[in-house]
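The structure file data-v2.txt is reproduced below (compact mmCIF, C-alpha atoms and all ligand atoms).
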# COMPACT_ATOMS: atom_id res chain seq x y z
CA MET A 25 -43.97 -17.75 -26.87
CA SER A 26 -45.09 -14.36 -25.68
CA GLU A 27 -42.96 -11.35 -26.54
CA THR A 28 -42.50 -10.49 -22.88
CA TRP A 29 -42.38 -12.34 -19.58
CA SER A 30 -45.04 -11.75 -16.95
CA ASP A 31 -44.18 -8.92 -14.55
CA GLU A 32 -43.40 -11.46 -11.86
CA ASP A 33 -41.10 -13.53 -14.08
CA TYR A 34 -39.42 -10.44 -15.48
CA ALA A 35 -38.66 -9.16 -11.97
CA ARG A 36 -37.22 -12.54 -10.93
CA ILE A 37 -35.08 -12.94 -14.08
CA ARG A 38 -33.91 -9.34 -13.89
CA ARG A 39 -32.80 -9.91 -10.28
CA ASP A 40 -30.75 -12.92 -11.41
CA ALA A 41 -29.29 -10.91 -14.30
CA GLU A 42 -28.23 -8.14 -11.95
CA ALA A 43 -26.66 -10.69 -9.60
CA ILE A 44 -24.56 -11.86 -12.57
CA VAL A 45 -23.56 -8.30 -13.45
CA ALA A 46 -22.45 -7.72 -9.84
CA ARG A 47 -19.75 -10.38 -10.38
CA TYR A 48 -18.04 -8.07 -12.86
CA PRO A 49 -17.81 -4.68 -11.12
CA ASP A 50 -15.10 -3.37 -13.45
CA PHE A 51 -16.41 -4.83 -16.73
CA PRO A 52 -20.20 -5.27 -16.53
CA ARG A 53 -20.33 -6.32 -20.19
CA SER A 54 -18.43 -9.47 -19.24
CA ALA A 55 -21.72 -10.60 -17.73
CA LEU A 56 -23.22 -11.12 -21.18
CA GLY A 57 -22.03 -14.72 -21.59
CA PRO A 58 -23.59 -16.03 -18.37
CA MET A 59 -26.66 -13.84 -18.91
CA LEU A 60 -27.31 -15.57 -22.22
CA HIS A 61 -27.16 -18.90 -20.39
CA LEU A 62 -29.62 -17.45 -17.87
CA VAL A 63 -31.98 -16.63 -20.75
CA GLN A 64 -31.60 -20.21 -22.02
CA SER A 65 -32.40 -21.52 -18.55
CA GLU A 66 -35.75 -19.74 -18.80
CA ASP A 67 -36.70 -20.09 -22.45
CA GLY A 68 -34.56 -22.99 -23.68
CA PHE A 69 -32.85 -20.72 -26.22
CA VAL A 70 -31.72 -17.13 -26.64
CA SER A 71 -35.16 -15.70 -27.18
CA PRO A 72 -35.94 -12.21 -28.52
CA ARG A 73 -37.23 -11.18 -25.07
CA GLY A 74 -33.99 -12.51 -23.55
CA ILE A 75 -31.95 -10.44 -25.98
CA ALA A 76 -34.02 -7.40 -24.99
CA LEU A 77 -33.32 -8.04 -21.31
CA CYS A 78 -29.55 -8.36 -21.85
CA SER A 79 -29.62 -5.21 -23.94
CA GLU A 80 -31.42 -3.22 -21.23
CA VAL A 81 -29.35 -4.46 -18.31
CA LEU A 82 -25.97 -4.06 -20.01
CA ASP A 83 -26.75 -0.96 -22.07
CA LEU A 84 -25.87 -2.76 -25.29
CA SER A 85 -27.75 -2.67 -28.56
CA ARG A 86 -29.78 -5.75 -29.42
CA ALA A 87 -27.50 -6.21 -32.42
CA GLU A 88 -24.47 -6.36 -30.11
CA VAL A 89 -26.15 -8.97 -27.91
CA SER A 90 -27.16 -10.98 -30.98
CA ALA A 91 -23.62 -10.81 -32.33
CA VAL A 92 -22.35 -12.66 -29.25
CA ALA A 93 -25.26 -15.08 -29.20
CA THR A 94 -24.65 -16.10 -32.81
CA PHE A 95 -20.88 -16.45 -32.41
CA TYR A 96 -20.82 -19.22 -29.78
CA SER A 97 -22.38 -22.56 -30.60
CA GLN A 98 -23.64 -23.18 -27.06
CA TYR A 99 -26.19 -20.40 -27.52
CA ARG A 100 -29.27 -21.59 -29.38
CA ARG A 101 -31.29 -19.37 -31.69
CA HIS A 102 -34.29 -21.69 -31.65
CA PRO A 103 -35.82 -23.77 -28.86
CA ASN A 104 -33.53 -26.61 -27.82
CA GLY A 105 -34.78 -30.02 -26.81
CA GLN A 106 -34.88 -30.94 -23.15
CA TYR A 107 -31.78 -33.03 -23.78
CA ASN A 108 -29.02 -32.03 -26.15
CA VAL A 109 -27.34 -35.18 -27.43
CA GLY A 110 -23.98 -34.32 -28.95
CA VAL A 111 -22.06 -36.93 -30.89
CA CYS A 112 -18.39 -36.24 -31.49
CA VAL A 113 -17.64 -36.77 -35.16
CA ASN A 114 -14.23 -35.12 -35.11
CA PRO A 115 -11.59 -37.33 -36.77
CA LEU A 116 -10.41 -39.21 -33.67
CA CYS A 117 -13.87 -40.07 -32.33
CA GLY A 118 -15.09 -40.38 -35.92
CA VAL A 119 -12.72 -43.22 -36.83
CA MET A 120 -13.22 -44.85 -33.43
CA GLY A 121 -16.93 -45.22 -34.10
CA GLY A 122 -18.35 -41.69 -33.77
CA GLU A 123 -19.55 -41.65 -37.37
CA LEU A 124 -21.41 -44.93 -36.87
CA ILE A 125 -22.96 -43.61 -33.65
CA TRP A 126 -24.08 -40.47 -35.47
CA GLU A 127 -25.70 -42.46 -38.28
CA ALA A 128 -27.43 -44.77 -35.81
CA LEU A 129 -28.85 -41.92 -33.70
CA SER A 130 -29.81 -39.72 -36.61
CA GLY A 131 -31.60 -42.62 -38.33
CA HIS A 132 -33.30 -43.76 -35.12
CA LEU A 133 -34.49 -40.30 -34.04
CA GLY A 134 -35.28 -39.10 -37.57
CA VAL A 135 -33.45 -35.79 -37.09
CA GLY A 136 -30.21 -34.29 -38.38
CA HIS A 137 -27.70 -31.85 -36.95
CA ASP A 138 -29.25 -29.15 -34.73
CA GLU A 139 -32.70 -30.61 -35.21
CA THR A 140 -35.12 -31.56 -32.46
CA THR A 141 -37.47 -34.50 -32.21
CA GLU A 142 -41.14 -33.64 -32.63
CA ASP A 143 -41.85 -34.22 -28.94
CA GLY A 144 -39.27 -31.54 -28.06
CA LEU A 145 -37.27 -34.03 -26.02
CA ILE A 146 -34.00 -34.45 -27.90
CA THR A 147 -31.86 -32.13 -30.00
CA LEU A 148 -29.17 -33.96 -31.92
CA GLU A 149 -25.87 -32.26 -32.57
CA ALA A 150 -22.70 -33.29 -34.42
CA LEU A 151 -19.88 -32.02 -32.24
CA GLU A 152 -16.30 -31.27 -33.24
CA CYS A 153 -14.29 -32.61 -30.29
CA ASN A 154 -15.59 -32.74 -26.74
CA ALA A 155 -12.05 -32.41 -25.31
CA ALA A 156 -12.31 -36.02 -24.20
CA CYS A 157 -10.33 -37.65 -27.01
CA ASP A 158 -8.73 -40.16 -24.64
CA HIS A 159 -12.21 -41.60 -24.07
CA ALA A 160 -13.20 -41.79 -27.75
CA PRO A 161 -15.77 -42.18 -29.07
CA VAL A 162 -17.62 -39.77 -26.84
CA VAL A 163 -21.24 -38.66 -26.64
CA MET A 164 -22.37 -35.74 -24.48
CA VAL A 165 -25.83 -35.22 -23.12
CA ASN A 166 -26.34 -31.67 -21.87
CA TRP A 167 -22.52 -31.42 -21.62
CA GLU A 168 -22.14 -34.52 -19.44
CA PHE A 169 -19.73 -37.16 -20.72
CA PHE A 170 -20.62 -40.62 -21.93
CA ASP A 171 -17.27 -42.23 -22.73
CA HIS A 172 -16.33 -45.15 -25.00
CA GLN A 173 -19.72 -45.32 -26.69
CA THR A 174 -21.01 -47.70 -29.34
CA PRO A 175 -24.08 -47.33 -31.57
CA ALA A 176 -25.94 -49.72 -29.25
CA SER A 177 -25.01 -47.91 -26.02
CA ALA A 178 -25.87 -44.52 -27.56
CA LEU A 179 -29.26 -45.83 -28.71
CA ALA A 180 -29.87 -47.11 -25.17
CA ILE A 181 -29.22 -43.58 -23.84
CA VAL A 182 -31.84 -41.96 -26.05
CA GLU A 183 -34.33 -44.75 -25.37
CA ASP A 184 -33.88 -44.20 -21.60
CA LEU A 185 -34.49 -40.49 -22.15
CA ARG A 186 -37.66 -41.27 -24.04
CA ALA A 187 -38.79 -43.61 -21.27
CA GLY A 188 -38.17 -40.92 -18.65
CA VAL A 189 -35.42 -42.96 -17.03
CA ASP A 190 -32.51 -41.11 -15.41
CA ILE A 191 -29.28 -41.48 -17.35
CA HIS A 192 -25.92 -41.55 -15.63
CA PRO A 193 -22.80 -40.03 -17.20
CA THR A 194 -19.44 -41.77 -17.06
CA ARG A 195 -17.98 -38.75 -15.28
CA GLY A 196 -19.43 -35.66 -13.64
CA ALA A 197 -22.85 -35.35 -12.04
CA ASP A 198 -24.65 -38.52 -10.93
CA ARG A 199 -27.40 -37.98 -13.45
CA VAL A 200 -28.04 -35.75 -16.44
CA HIS A 201 -30.18 -32.71 -15.71
CA THR A 202 -32.34 -30.92 -18.26
CA PHE A 203 -31.04 -28.36 -20.74
CA LYS A 204 -32.66 -25.53 -18.79
CA GLU A 205 -31.30 -26.75 -15.47
CA VAL A 206 -27.79 -27.09 -16.88
CA SER A 207 -28.07 -23.65 -18.51
CA ARG A 208 -28.71 -22.14 -15.09
CA VAL A 209 -25.51 -23.75 -13.79
CA LEU A 210 -23.64 -22.30 -16.79
CA ALA A 211 -25.07 -18.91 -15.79
CA GLY A 212 -23.20 -19.40 -12.51
CA PHE A 213 -25.98 -20.53 -10.20
CA GLU A 214 -24.75 -23.73 -8.60
CA ASP A 215 -27.11 -26.68 -8.29
CA GLY A 216 -25.15 -28.60 -5.67
CA HIS A 217 -24.08 -31.38 -8.04
CA ALA A 218 -20.60 -30.11 -8.88
CA ASP A 219 -18.77 -32.56 -6.62
CA GLU A 220 -20.63 -35.67 -7.69
CA GLY A 221 -18.86 -38.44 -9.58
CA PRO A 222 -15.29 -38.58 -10.90
CA SER A 223 -14.05 -35.60 -12.88
CA ALA A 224 -11.19 -37.37 -14.68
CA GLY A 225 -11.11 -40.87 -16.15
CA GLU A 226 -8.31 -43.43 -16.05
CA PRO A 227 -6.83 -42.64 -19.51
CA SER A 228 -6.49 -38.97 -18.51
CA LEU A 229 -4.79 -39.85 -15.23
CA LEU A 230 -2.36 -42.41 -16.66
CA GLY A 231 0.38 -39.91 -17.57
CA LYS A 232 0.19 -38.32 -14.12
CA ARG A 233 0.56 -41.72 -12.45
CA ILE A 234 3.54 -42.72 -14.62
CA ALA A 235 5.24 -39.43 -13.73
CA GLU A 236 4.60 -40.03 -10.03
CA GLU A 237 5.93 -43.61 -10.20
CA ASN A 238 9.12 -42.38 -11.87
CA GLY A 239 9.57 -39.36 -9.64
CA TRP A 240 9.21 -37.01 -12.60
CA ARG A 241 8.17 -33.48 -11.85
CA ALA A 242 8.16 -30.15 -13.62
CA PRO A 243 10.83 -27.72 -12.38
CA ARG A 244 9.91 -24.37 -10.93
CA VAL A 245 10.14 -21.54 -13.43
CA ASP A 246 13.35 -20.18 -11.87
CA GLU A 247 14.91 -23.60 -11.27
CA PRO A 248 17.83 -24.53 -13.58
CA THR A 249 17.47 -27.77 -15.54
CA ASP A 250 20.15 -30.51 -15.55
CA SER A 251 22.05 -28.66 -18.27
CA GLY A 252 22.04 -25.47 -16.22
CA ALA A 253 19.50 -23.69 -18.41
CA THR A 254 16.48 -22.02 -16.87
CA PRO A 255 13.14 -22.99 -18.38
CA ALA A 256 11.34 -20.23 -20.19
CA ALA A 257 9.04 -18.25 -17.94
CA GLY A 258 5.65 -19.85 -17.76
CA THR A 259 6.66 -23.18 -19.27
CA GLY A 260 8.40 -24.92 -16.35
CA ARG A 261 9.38 -27.72 -18.74
CA VAL A 262 12.57 -29.70 -18.57
CA GLY A 263 14.76 -30.45 -21.56
CA GLU A 264 13.44 -27.68 -23.77
CA GLU A 265 16.41 -25.39 -23.48
CA HIS A 266 17.07 -25.91 -27.19
CA SER A 267 13.46 -25.61 -28.22
CA SER A 268 11.49 -22.52 -29.08
CA ALA A 269 9.75 -22.81 -25.69
CA ALA A 270 13.02 -21.80 -23.99
CA HIS A 271 13.48 -18.63 -25.99
CA LYS A 272 12.15 -15.41 -24.58
CA PRO A 273 10.27 -13.26 -27.02
CA ALA A 274 12.58 -10.80 -28.80
CA THR A 275 12.63 -7.26 -27.46
CA GLU A 276 13.62 -4.12 -29.29
CA ALA A 277 17.03 -4.30 -27.61
CA ASP A 278 17.62 -7.75 -29.12
CA VAL A 279 17.25 -6.45 -32.64
CA SER A 280 20.06 -4.27 -33.97
CA PRO A 281 19.21 -1.46 -36.39
CA GLU A 282 21.12 -3.34 -39.13
CA LYS A 283 18.82 -6.29 -38.71
CA VAL A 284 15.65 -4.25 -39.07
CA GLU A 285 16.89 -1.95 -41.81
CA LYS A 286 15.43 -2.86 -45.16
CA PRO A 287 17.98 -3.72 -47.83
CA GLY A 288 18.64 -0.96 -50.33
CA VAL A 289 17.93 -1.46 -54.02
CA ASP A 290 21.49 -2.49 -54.72
CA GLU A 291 21.85 -4.63 -51.65
CA PRO A 292 20.83 -8.27 -51.86
CA ASP A 293 18.08 -9.34 -49.47
CA ALA A 294 19.61 -11.85 -47.04
CA ASP A 295 16.47 -13.96 -47.30
CA GLU A 296 16.64 -14.20 -51.07
CA PRO A 297 18.81 -16.87 -52.69
CA ALA A 298 21.94 -15.41 -54.32
CA LYS A 299 21.60 -14.92 -58.08
CA GLU A 300 23.98 -16.95 -60.14
CA GLU A 301 26.73 -14.92 -61.78
CA LYS A 302 26.92 -15.32 -65.53
S1 LIG B 1 -12.12 -36.07 -31.09
FE1 LIG B 1 -13.86 -36.63 -29.93
S2 LIG B 1 -13.48 -35.80 -27.99
FE2 LIG B 1 -11.81 -35.10 -29.16
What would the structure in this file look like if it were written as structure tokens?
Amino acid sequence: MSETWSDEDYARIRRDAEAIVARYPDFPRSALGPMLHLVQSEDGFVSPRGIALCSEVLDLSRAEVSAVATFYSQYRRHPNGQYNVGVCVNPLCGVMGGELIWEALSGHLGVGHDETTEDGLITLEALECNAACDHAPVVMVNWEFFDHQTPASALAIVEDLRAGVDIHPTRGADRVHTFKEVSRVLAGFEDGHADEGPSAGEPSLLGKRIAEENGWRAPRVDEPTDSGATPAAGTGRVGEEHSSAAHKPATEADVSPEKVEKPGVDEPDADEPAKEEK
């Protein structure tokens, strides 16, 4: 990869970067996250020339840009495959079959965690929870969900990718787009696929439906509960008047000077067990 983009590409990418910065008029540096995704949408990873661009546009040092890029796992420091296949091996998915899926895919593709197949098509990643535990075990391809997987169904996914066949997530967009295409969406440039497919699956909606069938609802913040107590601001939850959620954070006025004063040398500390008298 060349150290710089062509003048034409640089001008185009810089325009996009400045469009991102314009979303954050008060805090331009907040644009860094989406700008790094923009770089990935061009180069497939956070390239040195991408770091230079972010540094120039945001008036940050390259070290500062790199510090962010190395902190978040969605930013790649080496070229990613066209499809990032993430297998959840966190305990819940793991015991539900995630570990077996991982072993099957890793053995079949001949790559380990964060490694890419020789043809540059697939990067395999062991993920720690995809926030889809109610659909365990879960596989993600370029951040699209494939729920309730088995080793056989996961192998079928990667074989379809190798055959150039479109793959269809359980939820979300109708088909999985490439890593670069998805990175551009993460940079905030919509691709028109956001409203395709269901966003929530049946297990996630079950609790909501049970609440609706039983007429359960959360009270407004200022609405007293059955016992007359008012839920803690921001919680809106019923029946927690005796829980920590119902207690407002202590203020200075709640704490008397006696309570904050440290015990003197001769005074016993209230938190320490009393010494036995001999
Ligand atoms: S443990 Fe796998 S999605 Fe949460």
inquiry  = Could you list, as number ranges by chain, all residues that come within 12 Å of ligand LIG 1 (chain B)? Count all atoms listed in the file.
reply    = A: 110-123, 150-164, 167, 169-173
With a distance cut-off of 9 Å and only C-alpha atoms, select the neighbouring residues of Leu210 of chain A, excluding the residue or stretch itself and same-chain residues fewer than 5 positions from it, and output the selection as a PDB file with C-alpha atoms, in the frame of the given file.
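Here's the written file part12.pdb:
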ATOM      1  CA  PRO A  58     -23.590 -16.030 -18.370  1.00  0.00           C
ATOM      2  CA  HIS A  61     -27.160 -18.900 -20.390  1.00  0.00           C
ATOM      3  CA  LEU A  62     -29.620 -17.450 -17.870  1.00  0.00           C
ATOM      4  CA  SER A  65     -32.400 -21.520 -18.550  1.00  0.00           C
ATOM      5  CA  GLU A 205     -31.300 -26.750 -15.470  1.00  0.00           C
TER       6      GLU A 205
END
message = as a PyMOL selection string, please: the residues near Asn108 of chain A (cut-off 12 Å, only C-alpha atoms, same-chain neighbours under 6 positions excluded).
response = chain A and resi 68-69+98+100+137-141+144-151+163-169+181-182+185+200-204+206-207
query = Quick one: distance from atom CA of Leu84 of chain A to atom CA of Pro52 of chain A in Å, one decimal?
reply =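 Rounded to one decimal, the two atoms are 10.7 Å apart.
Between atom CA of Ser71 of chain A and atom CA of Arg101 of chain A the interatomic distance comes to 7.0 Å.
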message = Just to confirm, what's the straight-line distance from atom CA of Ala176 of chain A to atom CA of Arg199 of chain A in Å (one decimal)?
response = 19.7 Å
